[in-house]
file input19.tsv (TSV, C-alpha atoms and all ligand atoms)
chain	number	residue	atom	x	y	z
N	28	LEU	CA	86.37	85.92	89.14
N	29	ARG	CA	87.01	84.77	92.68
N	30	LEU	CA	90.15	86.09	94.35
N	31	GLY	CA	92.14	84.45	97.10
N	32	VAL	CA	94.22	87.16	98.78
N	33	LEU	CA	97.35	85.97	100.59
N	34	LEU	CA	99.00	88.36	103.02
N	35	SER	CA	101.14	88.57	106.13
N	36	GLY	CA	100.83	92.09	107.49
N	37	ARG	CA	99.35	95.54	107.02
N	38	GLY	CA	97.29	94.79	103.91
N	39	SER	CA	97.01	98.21	102.34
N	40	ASN	CA	97.09	96.67	98.86
N	41	PHE	CA	94.34	94.25	99.85
N	42	LEU	CA	92.25	97.16	101.18
N	43	ALA	CA	92.75	99.14	97.98
N	44	ILE	CA	91.50	96.15	95.96
N	45	ALA	CA	88.55	95.64	98.34
N	46	ASN	CA	87.62	99.33	97.98
N	47	ASN	CA	87.74	99.15	94.21
N	48	ILE	CA	85.48	96.10	94.24
N	49	ARG	CA	83.01	97.85	96.58
N	50	SER	CA	82.93	101.00	94.47
N	51	GLY	CA	82.27	99.04	91.29
N	52	ALA	CA	85.62	99.93	89.73
N	53	LEU	CA	86.52	96.23	89.51
N	54	PRO	CA	83.44	94.56	88.01
N	55	ASN	CA	82.99	90.77	87.97
N	56	VAL	CA	85.60	90.34	90.69
N	57	GLU	CA	85.00	89.28	94.29
N	58	ILE	CA	87.21	88.39	97.25
N	59	ALA	CA	86.48	84.76	98.08
N	60	ILE	CA	88.95	84.43	100.97
N	61	VAL	CA	91.64	86.43	102.75
N	62	LEU	CA	94.37	84.08	103.91
N	63	SER	CA	97.24	84.88	106.24
N	64	ASN	CA	100.24	82.94	107.50
N	65	ILE	CA	100.53	85.28	110.51
N	66	ALA	CA	97.86	85.02	113.21
N	67	ASP	CA	97.78	88.68	114.22
N	68	ALA	CA	98.25	90.25	110.80
N	69	PRO	CA	96.45	93.64	110.96
N	70	ALA	CA	94.95	92.88	107.54
N	71	ILE	CA	92.99	89.94	108.95
N	72	ALA	CA	91.24	92.20	111.46
N	73	ALA	CA	90.52	94.68	108.66
N	74	ALA	CA	89.08	91.90	106.47
N	75	ARG	CA	86.79	90.75	109.30
N	76	GLN	CA	85.53	94.31	109.70
N	77	LEU	CA	84.59	94.24	106.03
N	78	ASN	CA	82.76	90.94	106.60
N	79	LEU	CA	85.07	89.11	104.24
N	80	PRO	CA	85.86	85.44	104.84
N	81	THR	CA	89.27	84.97	106.47
N	82	LYS	CA	91.48	82.08	107.41
N	83	VAL	CA	94.87	81.82	109.09
N	84	HIS	CA	97.31	78.99	108.54
N	85	VAL	CA	100.27	79.77	110.78
N	86	SER	CA	103.47	78.97	108.90
N	87	LYS	CA	106.03	79.43	111.66
N	88	GLY	CA	107.93	76.22	112.36
N	89	ARG	CA	106.18	74.25	109.64
N	90	PRO	CA	107.76	72.77	106.50
N	91	ARG	CA	106.88	74.86	103.46
N	92	ALA	CA	105.33	72.03	101.43
N	93	GLU	CA	103.07	71.01	104.31
N	94	HIS	CA	101.94	74.56	105.04
N	95	ASP	CA	101.33	75.23	101.36
N	96	ARG	CA	99.09	72.17	101.13
N	97	ASP	CA	96.85	73.70	103.81
N	98	MET	CA	96.82	77.02	101.96
N	99	LEU	CA	95.92	75.25	98.69
N	100	ALA	CA	93.15	73.26	100.34
N	101	THR	CA	91.58	76.49	101.64
N	102	LEU	CA	91.86	78.15	98.22
N	103	ARG	CA	90.15	75.17	96.59
N	104	GLU	CA	87.41	75.00	99.22
N	105	ASN	CA	86.64	78.62	98.39
N	106	ASN	CA	86.67	78.06	94.61
N	107	VAL	CA	89.43	80.59	94.07
N	108	ASP	CA	90.24	81.40	90.41
N	109	LEU	CA	93.07	83.86	90.94
N	110	VAL	CA	95.59	84.09	93.78
N	111	ILE	CA	96.67	87.60	94.79
N	112	LEU	CA	99.88	87.93	96.80
N	113	ALA	CA	99.58	91.18	98.74
N	114	GLY	CA	102.52	91.42	101.10
N	115	TYR	CA	102.68	87.65	101.59
N	116	MET	CA	106.13	87.33	103.11
N	117	ARG	CA	106.77	83.72	102.30
N	118	LEU	CA	108.07	81.89	99.25
N	119	LEU	CA	105.65	79.51	97.54
N	120	SER	CA	106.54	75.87	96.98
N	121	PRO	CA	106.73	74.57	93.39
N	122	GLU	CA	103.61	72.49	94.11
N	123	PHE	CA	101.67	75.64	94.95
N	124	ILE	CA	102.85	77.46	91.84
N	125	HIS	CA	102.00	74.52	89.59
N	126	ALA	CA	98.54	74.24	91.15
N	127	PHE	CA	97.69	77.72	89.78
N	128	PRO	CA	99.56	78.10	86.49
N	129	THR	CA	99.58	81.79	85.44
N	130	ARG	CA	96.87	82.30	88.06
N	131	ILE	CA	99.04	83.83	90.82
N	132	LEU	CA	99.79	87.56	90.83
N	133	ASN	CA	102.34	89.46	92.90
N	134	ILE	CA	103.14	93.12	93.36
N	135	HIS	CA	106.70	94.22	93.93
N	136	PRO	CA	107.75	97.76	94.90
N	137	SER	CA	110.40	98.22	92.21
N	138	LEU	CA	110.68	98.40	88.46
N	139	LEU	CA	111.70	94.79	87.94
N	140	PRO	CA	114.08	93.27	86.99
N	141	ALA	CA	115.85	95.86	89.17
N	142	PHE	CA	115.84	95.33	92.93
N	143	PRO	CA	114.12	92.01	93.55
N	144	GLY	CA	113.85	90.74	97.12
N	145	LEU	CA	113.35	92.53	100.41
N	146	ASP	CA	113.37	96.32	100.96
N	147	ALA	CA	113.25	97.06	97.25
N	148	GLN	CA	112.45	100.75	97.81
N	149	THR	CA	115.52	101.21	100.03
N	150	GLN	CA	117.63	99.28	97.54
N	151	ALA	CA	116.46	101.64	94.78
N	152	PHE	CA	116.95	104.77	96.89
N	153	GLU	CA	120.44	103.78	97.97
N	154	TYR	CA	121.43	102.84	94.43
N	155	GLY	CA	120.49	106.36	93.42
N	156	VAL	CA	118.05	105.61	90.61
N	157	LYS	CA	116.07	108.60	89.34
N	158	ILE	CA	112.99	106.62	88.33
N	159	ALA	CA	111.37	104.13	90.70
N	160	GLY	CA	108.03	102.34	90.75
N	161	CYS	CA	106.21	99.06	91.08
N	162	THR	CA	105.54	95.93	89.04
N	163	VAL	CA	102.58	93.55	88.98
N	164	HIS	CA	103.56	90.19	87.55
N	165	PHE	CA	102.51	86.57	87.32
N	166	VAL	CA	104.37	84.39	89.79
N	167	ASP	CA	106.70	81.72	88.51
N	168	GLU	CA	109.21	79.57	90.36
N	169	HIS	CA	111.80	82.37	90.65
N	170	LEU	CA	111.60	85.24	93.15
N	171	ASP	CA	110.02	88.45	91.77
N	172	HIS	CA	110.42	87.14	88.25
N	173	GLY	CA	107.33	86.00	86.27
N	174	VAL	CA	105.66	87.60	83.23
N	175	MET	CA	104.94	91.27	83.84
N	176	ILE	CA	101.38	92.56	83.65
N	177	LEU	CA	102.07	96.24	84.22
N	178	GLN	CA	104.48	98.69	85.77
N	179	ARG	CA	104.01	102.22	87.10
N	180	ALA	CA	106.93	104.61	87.34
N	181	ILE	CA	107.53	107.74	89.42
N	182	PRO	CA	110.48	110.12	89.62
N	183	VAL	CA	112.76	110.02	92.65
N	184	LEU	CA	112.76	113.56	94.04
N	185	ASP	CA	115.79	115.36	95.45
N	186	THR	CA	113.78	115.80	98.64
N	187	ASP	CA	113.07	112.07	98.98
N	188	ASP	CA	114.41	109.72	101.57
N	189	ALA	CA	113.81	105.96	101.45
N	190	HIS	CA	110.65	106.37	103.52
N	191	SER	CA	109.00	109.07	101.42
N	192	LEU	CA	109.93	107.20	98.25
N	193	ALA	CA	108.34	104.00	99.60
N	194	GLU	CA	105.17	105.94	100.45
N	195	ARG	CA	104.84	107.35	96.95
N	196	ILE	CA	105.53	103.94	95.41
N	197	LEU	CA	102.82	102.47	97.66
N	198	ALA	CA	100.28	104.98	96.33
N	199	GLU	CA	101.10	103.73	92.82
N	200	GLU	CA	100.80	100.11	93.98
N	201	HIS	CA	97.27	100.76	95.20
N	202	GLN	CA	96.21	101.74	91.69
N	203	ALA	CA	98.40	99.29	89.79
N	204	TYR	CA	97.16	96.14	91.48
N	205	SER	CA	93.49	96.71	90.66
N	206	GLU	CA	94.36	97.72	87.12
N	207	ALA	CA	96.33	94.50	86.65
N	208	ILE	CA	93.53	92.38	88.13
N	209	ALA	CA	91.04	94.03	85.77
N	210	ARG	CA	93.31	93.22	82.84
N	211	VAL	CA	93.61	89.59	83.87
N	212	ALA	CA	89.87	89.39	84.63
N	213	SER	CA	89.10	90.68	81.12
N	214	GLY	CA	90.78	87.60	79.65
N	215	GLN	CA	91.85	89.86	76.76
N	216	TYR	CA	95.49	88.92	76.75
N	217	GLU	CA	97.88	86.25	75.74
N	218	ILE	CA	101.29	85.35	77.03
N	219	ASP	CA	103.94	85.15	74.34
N	220	GLY	CA	106.76	82.82	75.18
N	221	ARG	CA	108.16	83.24	78.69
N	222	ARG	CA	108.09	87.00	79.19
N	223	TYR	CA	105.57	88.94	77.24
N	224	MET	CA	101.94	89.66	77.98
N	225	LYS	CA	100.02	91.49	75.28
N	226	ARG	CA	96.48	92.53	74.58
N	227	VAL	CA	94.44	90.54	72.04
X	1	LIG	C1	104.05	96.24	99.41
X	1	LIG	O1	105.10	97.17	99.34
X	1	LIG	C2	104.18	95.23	98.30
X	1	LIG	O2	104.73	95.77	97.13
X	1	LIG	C3	105.12	94.23	98.87
X	1	LIG	O3	104.76	94.13	100.23
X	1	LIG	C4	104.16	95.36	100.64
X	1	LIG	C5	102.82	95.03	101.22
X	1	LIG	O4	102.18	96.15	101.78
X	1	LIG	N1	105.01	92.97	98.14
X	1	LIG	P1	100.67	96.04	102.24
X	1	LIG	O5	100.61	94.92	103.29
X	1	LIG	O6	99.83	95.73	101.05
X	1	LIG	O7	100.34	97.36	102.86
call {"tool": "encode", "arguments": {"input": "input19.tsv", "output": "structure tokens"}}
result
Amino acid sequence: LRLGVLLSGRGSNFLAIANNIRSGALPNVEIAIVLSNIADAPAIAAARQLNLPTKVHVSKGRPRAEHDRDMLATLRENNVDLVILAGYMRLLSPEFIHAFPTRILNIHPSLLPAFPGLDAQTQAFEYGVKIAGCTVHFVDEHLDHGVMILQRAIPVLDTDDAHSLAERILAEEHQAYSEAIARVASGQYEIDGRRYMKRV
């Protein structure tokens, strides 16, 4: 299974996936291309250090549909089977989503459907929830919405602030994303109706 990883920044989720591939924990999976919409994303430098193919299509000032066509062309050139959004801070056009039906994954740092959108960890902390976590889901045309693959939950501690909570959620993300990719790579699932992924 060939992954196309889309990101915009730090890339700690991408690095966790790359480590799991290198260690053999994610068999039959390889990173075909790391694609960024931000020229100086730290993750691009990290990907180059790992000798992974990289490409940047700068999105700033460009219409979404036009930029997405460039992204799609690069994914196709690299024979990508599965698109992994890993801190890709840009909405996808409907054309992009329809080009990879149930073949785009996203990770979100909340227990969806609570706290979609930006700064989910701060939203959760300020709301005062006692359980927080992350969700890996297929991407559909709505923000942070598609069929869920898995969630990991952690308690919010009395000693937490928004920063420490976000750090502990991130540690869960680093495990959850590879686990979700392995599940999708296994092909041992079906999607029931609009919401429900189950093992077969
Ligand atoms: C993560 O919190 C992820 O859940 C969200 O964006 C952040 C990306 O972090 N979608 P990183 O670039 O993977 O370190």
call {"tool": "closest_residue", "arguments": {"input": "input19.tsv", "among": "N:Cys161, N:Leu53, N:Ala74, N:Ala59", "to": "ligand LIG 1 (chain X)", "atoms": "all atoms listed in the file"}}
result
N:Cys161
call {"tool": "residues_near_ligand", "arguments": {"input": "input19.tsv", "ligand": "ligand LIG 1 (chain X)", "cutoff": "7 Å", "atoms": "all atoms listed in the file", "output": "JSON, numbers by chain"}}
result
{"N": [34, 35, 36, 37, 38, 39, 40, 41, 113, 114, 115, 133, 134, 135, 136, 197, 200]}
call {"tool": "closest_residue", "arguments": {"input": "input19.tsv", "among": "N:Leu139, N:Ala100, N:Ile58, N:Leu79", "to": "Leu28 (chain N)", "atoms": "all atoms listed in the file"}}
result
N:Ile58
call {"tool": "closest_residue", "arguments": {"input": "input19.tsv", "among": "N:Arg179, N:Tyr154, N:Asp219, N:Asn105", "to": "His201 (chain N)", "atoms": "all atoms listed in the file"}}
result
N:Arg179
call {"tool": "closest_residue", "arguments": {"input": "input19.tsv", "among": "N:Leu132, N:Leu62, N:Leu118, N:Leu112", "to": "Met98 (chain N)", "atoms": "only C-alpha atoms"}}
result
N:Leu62
call {"tool": "atom_distance", "arguments": {"input": "input19.tsv", "atom1": "CA of Val61 (chain N)", "atom2": "CA of Gly160 (chain N)"}}
result
25.8 Å
call {"tool": "atom_distance", "arguments": {"input": "input19.tsv", "atom1": "CA of Leu192 (chain N)", "atom2": "CA of Pro140 (chain N)"}}
result
18.4 Å
call {"tool": "residues_around", "arguments": {"input": "input19.tsv", "residues": "region 166-173 of chain N", "least_positions_apart": "6", "cutoff": "10 Å", "atoms": "all atoms listed in the file", "output": "PyMOL selection string"}}
result
chain N and resi 110-112+118-125+127-135+137+139-144+221-223
call {"tool": "closest_residue", "arguments": {"input": "input19.tsv", "among": "N:Gln148, N:Gln76, N:Asn46, N:Asn64", "to": "Ser191 (chain N)", "atoms": "all atoms listed in the file"}}
result
N:Gln148
